[in-house]
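Trainee: This is the structure I have questions about; it appears just below.
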Amino acid sequence: MKHKSLKHIVPVTIVILMMNSCSIMNKKYTTPDLGIDVNYRNTLIKDSSSIATLPWQEIITDTILQNLIEEGLQNNLDLKVAIENINQAKANLVEAKLQFLPSLEGSANVTRSQTSEASLNLGSVSGINLNTTSYVGQLSSSWELDVWGKLRSNKRSALASFLETEAATKAVQTQLISDIAVSYYNLLALDEQLKITQATLQNRIKDQETMKYLKESAIVDGAAVVQSEASRYAIETSIPDIELEILQEENTLSILLGRAPGKIERSTLGEQTTFTNLKTGIPSELLNNRPDIRQAEMAFRSAFENVNMAKTYFYPSFNITANGGLSSLNVSDFFDNSIFFNLVGGLTQPIFSNGENKARLKINQSVQQQAFYEYKSTWLTSGKEISNALFLYTKAKEKQTSRKYQIEALEKSVEFTEALLEYTSSTNYTDVLTTKNDLLSAQLDSVSDKQQELQAIIQLYRALGGGWLN
């Protein structure tokens with residue numbers, strides 16, 4: 001049978017669709033203004049360009065390290081997890097878009113009923129039963145009109161979540177490049193420290209033999225011999241600790257590369273060249289360059305749209321439902337018999353929901369406020385990281401200049417004290433040993449200075465958002 005209300009539903013639907021064109025509930029999103037400073041701490045910006053826009057291959061020129069980074073970008077498990085997060089967010093976005101379309105369901109039913117004649121004719125006592133079978137096939141559809149913008153807010157929230165996962169993946173990539181490079185430089189520094197320590201051990205062994213000879217010549221006493229032995233074994237016992245650190249760092253780097261712990265191919269610290277044209281750009285560009293800031297903003301935007309959506313639950317929802325199909329008492333004439341359909345427009349106004357709508361709105365508003373705080377915190381953290389990296393680089397360069405003169409002076413001091421001990425006896429082995437230990441410390445510190453310089457460049461590059469643009 002035809003539903004007679006069809007002529008009334010059509011004009012109502014038109015009015016609703018006209019209402020749909022004005023999203024009176026939705027606030028338009030704008031990026032929050034945090035009042036970002038135009039400079040970083042103690043840094044006067046003279047150029048708006050930034051090293052963040054350069055490919056990481058220009059910052060890192062060691063070909064072995066480049067190959068390791070490429071391997072990490074292909075196999076790192078954290079990066080693979082982040083990519084799966086993108087796939088999930090993409091599916092959620094598709095689902096949100098499909099909510100604008102009407103649903104469609106099909107069903108087929110066979111009903112068999114049995115009714116006694118007595119139930120049809122109360123005056124009869126006959127025991128005759130009537131059996132009937134009916135066949136029904138129908139399609140049903142429903143469509144919610146997005147009058148208050150609920151579906152659109154949901155779609156925008158899903159889009160922001162998708163962009164958030166994309167940015168999060170880029171953030172993982174920039175961090176991965178930095179972690180691989182920093183770990184690689186740690187290995188090179190440990191290699192150099194091991195080399196210096198092993199060379200020092202050979203010198204201490206020679207000192208031990210020299211002190212025995214000088215004792216026999218009555219130039220030094222037994223205390224000098226014992227001190228030389230103790231010094232030799234102190235250096236000897238430090239070597240296993242460095243070797244252990246090397247093995248642990250290799251294992252750490254192996255995990256970053258997505259491989260089982262094992263040996264890492266590498267060059268030497270002395271072969272490293274440093275990138276010196278360190279342009280930071282202006283802080284406002286961090287939003288475009290640094291993916292974790294973009295990630296935090298998209299999290300805030302998603303929360304913003306969820307607040308918009310929560311407000312729509314206080315207003316009525318409009319739905320149009322339709323169904324139609326065929327029905328017959330015989331399968332043979334199923335397609336020749338009764339055709340039925342109906343179309344209904346409905347309005348549902350929330351009256352009492354046990355405070356659910358108010359609670360939903362308060363929760364989403366709180367989540368939005370949290371997202372804002374996290375967004376601002378990410379900005380502040382980025383400024384701190386850039387400032388730290390710049391200062392670390394500057395001070396590492398300053399230390400290298402002073403360290404060079406320190407080592408040269410200590411090398412001369414060792415020569416003088418050894419000569420005084422061997423030829424004039426005007427000093428003792430304690431003075432010689434003190435000077436040699438000072439030289440060893442300065443040599444090891446020199447390695448750390450170079451390591452800090454290399455790592456500061458990588459940390460600055462990551463802090464500015466480099467590593468994903470190219």
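The chains in the structure tokens are called A, B, ... from first to last as shown; in each chain the residues are counted from 1, and the ligands are counted from 1 in the order shown.
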Got a sec to tell me which of region 266-450 of chain A DSSP assigns to strand (DSSP E), as a PyMOL selection string?

Mentor: chain A and resi 317-328+338-348

Trainee: Keeping N, CA and C atoms for every residue in the selection just given, could you write it to a file as an mmCIF file, in the first residue's frame?

Mentor:
data_model
loop_
_atom_site.group_PDB
_atom_site.id
_atom_site.type_symbol
_atom_site.label_atom_id
_atom_site.label_comp_id
_atom_site.auth_asym_id
_atom_site.auth_seq_id
_atom_site.Cartn_x
_atom_site.Cartn_y
_atom_site.Cartn_z
ATOM 1 N N SER A 317 17.071 15.716 16.344
ATOM 2 C CA SER A 317 17.636 15.093 15.147
ATOM 3 C C SER A 317 16.507 14.796 14.171
ATOM 4 N N PHE A 318 16.800 14.940 12.891
ATOM 5 C CA PHE A 318 15.809 14.730 11.840
ATOM 6 C C PHE A 318 16.209 13.502 11.023
ATOM 7 N N ASN A 319 15.248 12.594 10.863
ATOM 8 C CA ASN A 319 15.523 11.351 10.145
ATOM 9 C C ASN A 319 14.428 11.073 9.131
ATOM 10 N N ILE A 320 14.819 10.562 8.015
ATOM 11 C CA ILE A 320 13.872 10.091 6.997
ATOM 12 C C ILE A 320 14.103 8.594 6.827
ATOM 13 N N THR A 321 13.039 7.842 6.959
ATOM 14 C CA THR A 321 13.121 6.396 6.769
ATOM 15 C C THR A 321 12.178 5.981 5.656
ATOM 16 N N ALA A 322 12.577 5.002 4.914
ATOM 17 C CA ALA A 322 11.764 4.499 3.805
ATOM 18 C C ALA A 322 11.947 3.005 3.711
ATOM 19 N N ASN A 323 10.871 2.318 3.355
ATOM 20 C CA ASN A 323 10.991 0.896 3.054
ATOM 21 C C ASN A 323 9.950 0.515 2.021
ATOM 22 N N GLY A 324 10.229 -0.479 1.276
ATOM 23 C CA GLY A 324 9.322 -0.957 0.252
ATOM 24 C C GLY A 324 9.720 -2.348 -0.175
ATOM 25 N N GLY A 325 8.747 -3.048 -0.802
ATOM 26 C CA GLY A 325 9.063 -4.397 -1.222
ATOM 27 C C GLY A 325 7.878 -5.107 -1.822
ATOM 28 N N LEU A 326 7.948 -6.422 -1.806
ATOM 29 C CA LEU A 326 6.916 -7.278 -2.382
ATOM 30 C C LEU A 326 6.439 -8.265 -1.335
ATOM 31 N N SER A 327 5.146 -8.615 -1.421
ATOM 32 C CA SER A 327 4.608 -9.638 -0.519
ATOM 33 C C SER A 327 3.614 -10.498 -1.289
ATOM 34 N N SER A 328 3.575 -11.763 -0.941
ATOM 35 C CA SER A 328 2.670 -12.683 -1.644
ATOM 36 C C SER A 328 2.437 -13.901 -0.773
ATOM 37 N N SER A 338 1.389 -8.061 -4.560
ATOM 38 C CA SER A 338 1.339 -6.825 -3.793
ATOM 39 C C SER A 338 2.698 -6.131 -3.707
ATOM 40 N N ILE A 339 2.714 -4.867 -4.056
ATOM 41 C CA ILE A 339 3.881 -4.008 -3.893
ATOM 42 C C ILE A 339 3.545 -2.981 -2.814
ATOM 43 N N PHE A 340 4.444 -2.821 -1.867
ATOM 44 C CA PHE A 340 4.175 -1.848 -0.807
ATOM 45 C C PHE A 340 5.399 -0.972 -0.601
ATOM 46 N N PHE A 341 5.181 0.254 -0.106
ATOM 47 C CA PHE A 341 6.283 1.136 0.290
ATOM 48 C C PHE A 341 5.713 2.201 1.213
ATOM 49 N N ASN A 342 6.637 2.797 2.005
ATOM 50 C CA ASN A 342 6.244 3.943 2.814
ATOM 51 C C ASN A 342 7.464 4.812 3.059
ATOM 52 N N LEU A 343 7.232 6.086 3.296
ATOM 53 C CA LEU A 343 8.273 7.078 3.530
ATOM 54 C C LEU A 343 7.851 7.911 4.725
ATOM 55 N N VAL A 344 8.734 7.978 5.736
ATOM 56 C CA VAL A 344 8.378 8.661 6.981
ATOM 57 C C VAL A 344 9.490 9.625 7.370
ATOM 58 N N GLY A 345 9.140 10.829 7.726
ATOM 59 C CA GLY A 345 10.080 11.790 8.275
ATOM 60 C C GLY A 345 9.832 11.931 9.759
ATOM 61 N N GLY A 346 10.889 11.913 10.549
ATOM 62 C CA GLY A 346 10.720 11.953 11.998
ATOM 63 C C GLY A 346 11.640 12.946 12.667
ATOM 64 N N LEU A 347 11.221 13.442 13.795
ATOM 65 C CA LEU A 347 12.006 14.379 14.596
ATOM 66 C C LEU A 347 12.117 13.828 15.998
ATOM 67 N N THR A 348 13.347 13.772 16.520
ATOM 68 C CA THR A 348 13.573 13.265 17.874
ATOM 69 C C THR A 348 14.229 14.363 18.701
#

Trainee: Which one of A:Ile293, A:Ile60, A:Leu392, A:Ala223 sits closest to Ser448 (chain A) if you count only C-alpha atoms?

Mentor: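 Ranked by minimum distance to Ser448 (chain A), first place goes to A:Leu392.
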
Trainee: What's the 6 Å shell around region 275-288 of chain A, counting only C-alpha atoms, without same-chain residues fewer than 4 positions away, as a list in words?

Mentor: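 So, after excluding close chain neighbours, the residues are Ser48, Ser49, Ser50, Ile51, Ile59, Ile293 and Arg294 of chain A.
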
Trainee: List the neighbours of Trp468 (chain A) out to 9 Å using only C-alpha atoms; skip same-chain residues closer than 5 positions along the sequence, and give me the result as a list in words.

Mentor: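 Residues near the query, excluding close chain neighbours: Ala52, Thr53, Pro55, Trp56, Lys170, Ala171, Gln173, Thr174, Asn289 and Pro291 of chain A.
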
Trainee: Given the selection you just returned, output its residues as a file containing N, CA and C atoms, formatted as a PDB file, in the first residue's frame.

Mentor:
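That gives us again_37.pdb:
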ATOM      1  N   ALA A  52      65.999  23.282   8.685  1.00  0.00           N
ATOM      2  CA  ALA A  52      64.950  22.258   8.735  1.00  0.00           C
ATOM      3  C   ALA A  52      64.416  21.922   7.346  1.00  0.00           C
ATOM      4  N   THR A  53      64.543  22.852   6.405  1.00  0.00           N
ATOM      5  CA  THR A  53      64.041  22.622   5.049  1.00  0.00           C
ATOM      6  C   THR A  53      65.032  21.858   4.172  1.00  0.00           C
ATOM      7  N   PRO A  55      67.374  18.593   3.073  1.00  0.00           N
ATOM      8  CA  PRO A  55      67.351  17.128   3.213  1.00  0.00           C
ATOM      9  C   PRO A  55      68.375  16.694   4.256  1.00  0.00           C
ATOM     10  N   TRP A  56      68.065  15.627   4.981  1.00  0.00           N
ATOM     11  CA  TRP A  56      68.989  15.190   6.022  1.00  0.00           C
ATOM     12  C   TRP A  56      70.319  14.724   5.443  1.00  0.00           C
ATOM     13  N   LYS A 170      55.560  11.591  11.042  1.00  0.00           N
ATOM     14  CA  LYS A 170      56.696  12.435  10.656  1.00  0.00           C
ATOM     15  C   LYS A 170      57.569  12.743  11.873  1.00  0.00           C
ATOM     16  N   ALA A 171      56.928  12.951  13.025  1.00  0.00           N
ATOM     17  CA  ALA A 171      57.693  13.214  14.251  1.00  0.00           C
ATOM     18  C   ALA A 171      58.538  12.000  14.627  1.00  0.00           C
ATOM     19  N   GLN A 173      59.700   9.883  12.519  1.00  0.00           N
ATOM     20  CA  GLN A 173      60.785   9.816  11.530  1.00  0.00           C
ATOM     21  C   GLN A 173      61.910  10.781  11.885  1.00  0.00           C
ATOM     22  N   THR A 174      61.575  12.024  12.233  1.00  0.00           N
ATOM     23  CA  THR A 174      62.619  12.987  12.579  1.00  0.00           C
ATOM     24  C   THR A 174      63.378  12.543  13.829  1.00  0.00           C
ATOM     25  N   ASN A 289      57.254  23.437  10.039  1.00  0.00           N
ATOM     26  CA  ASN A 289      58.426  22.568   9.960  1.00  0.00           C
ATOM     27  C   ASN A 289      58.428  21.440  10.976  1.00  0.00           C
ATOM     28  N   PRO A 291      56.880  18.591  13.068  1.00  0.00           N
ATOM     29  CA  PRO A 291      55.664  17.768  13.005  1.00  0.00           C
ATOM     30  C   PRO A 291      54.976  17.556  14.345  1.00  0.00           C
TER      31      PRO A 291
END

Trainee: Would you pick out the contacts of Tyr429 (chain A) at 12 Å or less, using only C-alpha atoms, so that residues sharing its chain but fewer than 2 positions from it are not included, and give the list as a ChimeraX atom specification?

Mentor: /A:207-208,210-212,214-215,219-229,231,414,417-422,425-427,431-436

Trainee: Got a sec: who's within 10 Å of region 233-238 of chain A, counting only C-alpha atoms, leaving out chain neighbours fewer than 6 positions off, as a list in words?

Mentor: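 Contacts, with the query itself left out: Leu194, Thr197, Gln198, Thr200, Leu201, Gln202, Arg204, Ile205 and Asn437 of chain A.
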
Trainee: Can I get the residues of region 238-329 of chain A within 10 Å of region 73-89 of chain A, each with the closest pair of atoms and their distance in Å to one decimal, using only C-alpha atoms, sorted chain first then ascending number, as JSON lines?

Mentor:
{"residue": "A:Ser254", "atom": "CA", "partner": "A:Asn76", "partner_atom": "CA", "distance": 9.6}
{"residue": "A:Ile255", "atom": "CA", "partner": "A:Asn76", "partner_atom": "CA", "distance": 7.6}
{"residue": "A:Leu256", "atom": "CA", "partner": "A:Asn76", "partner_atom": "CA", "distance": 5.8}
{"residue": "A:Leu257", "atom": "CA", "partner": "A:Asn76", "partner_atom": "CA", "distance": 5.4}
{"residue": "A:Gly258", "atom": "CA", "partner": "A:Asn76", "partner_atom": "CA", "distance": 4.5}
{"residue": "A:Arg259", "atom": "CA", "partner": "A:Asn75", "partner_atom": "CA", "distance": 7.8}

Trainee: Which residue out of A:Glu385, A:Glu71, A:Glu105, A:Glu356 has the minimum interatomic distance to Lys311 (chain A) when only C-alpha atoms are used?

Mentor: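 Going through A:Glu385, A:Glu71, A:Glu105, A:Glu356 one by one, the smallest distance to Lys311 (chain A) is for A:Glu356.
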
Trainee: Work out how far apart CA of Ser267 (chain A) and CA of Ala389 (chain A) are and give it in Å to one decimal.

Mentor: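 The value is 24.3 Å.
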
Trainee: Need to verify the contact set: region 151-167 of chain A, 9 Å, only C-alpha atoms, exclusion of same-chain residues closer than 5 positions in sequence. Can you return it as a ChimeraX atom specification?

Mentor: /A:26,82-83,85-90,92-97,99-100,145-146,172,290-309

Trainee: Between CA of Lys150 (chain A) and CA of Asp33 (chain A), what distance in Å does the model show, to one decimal?

Mentor: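 It comes out at 26.1 Å.
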
Trainee: Kindly give the distance, in Å, that separates CA of Tyr29 (chain A) and CA of Tyr315 (chain A), rounded to a single decimal.

Mentor: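 The value is 21.2 Å.
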
Trainee: Taking into account only C-alpha atoms, which residue in the set A:Ser178, A:Lys206, A:Gly262, A:Ser402 is nearest to Ala456 (chain A)?

Mentor: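 When distances to Ala456 (chain A) are compared using only C-alpha atoms, the smallest one comes from A:Ser178.
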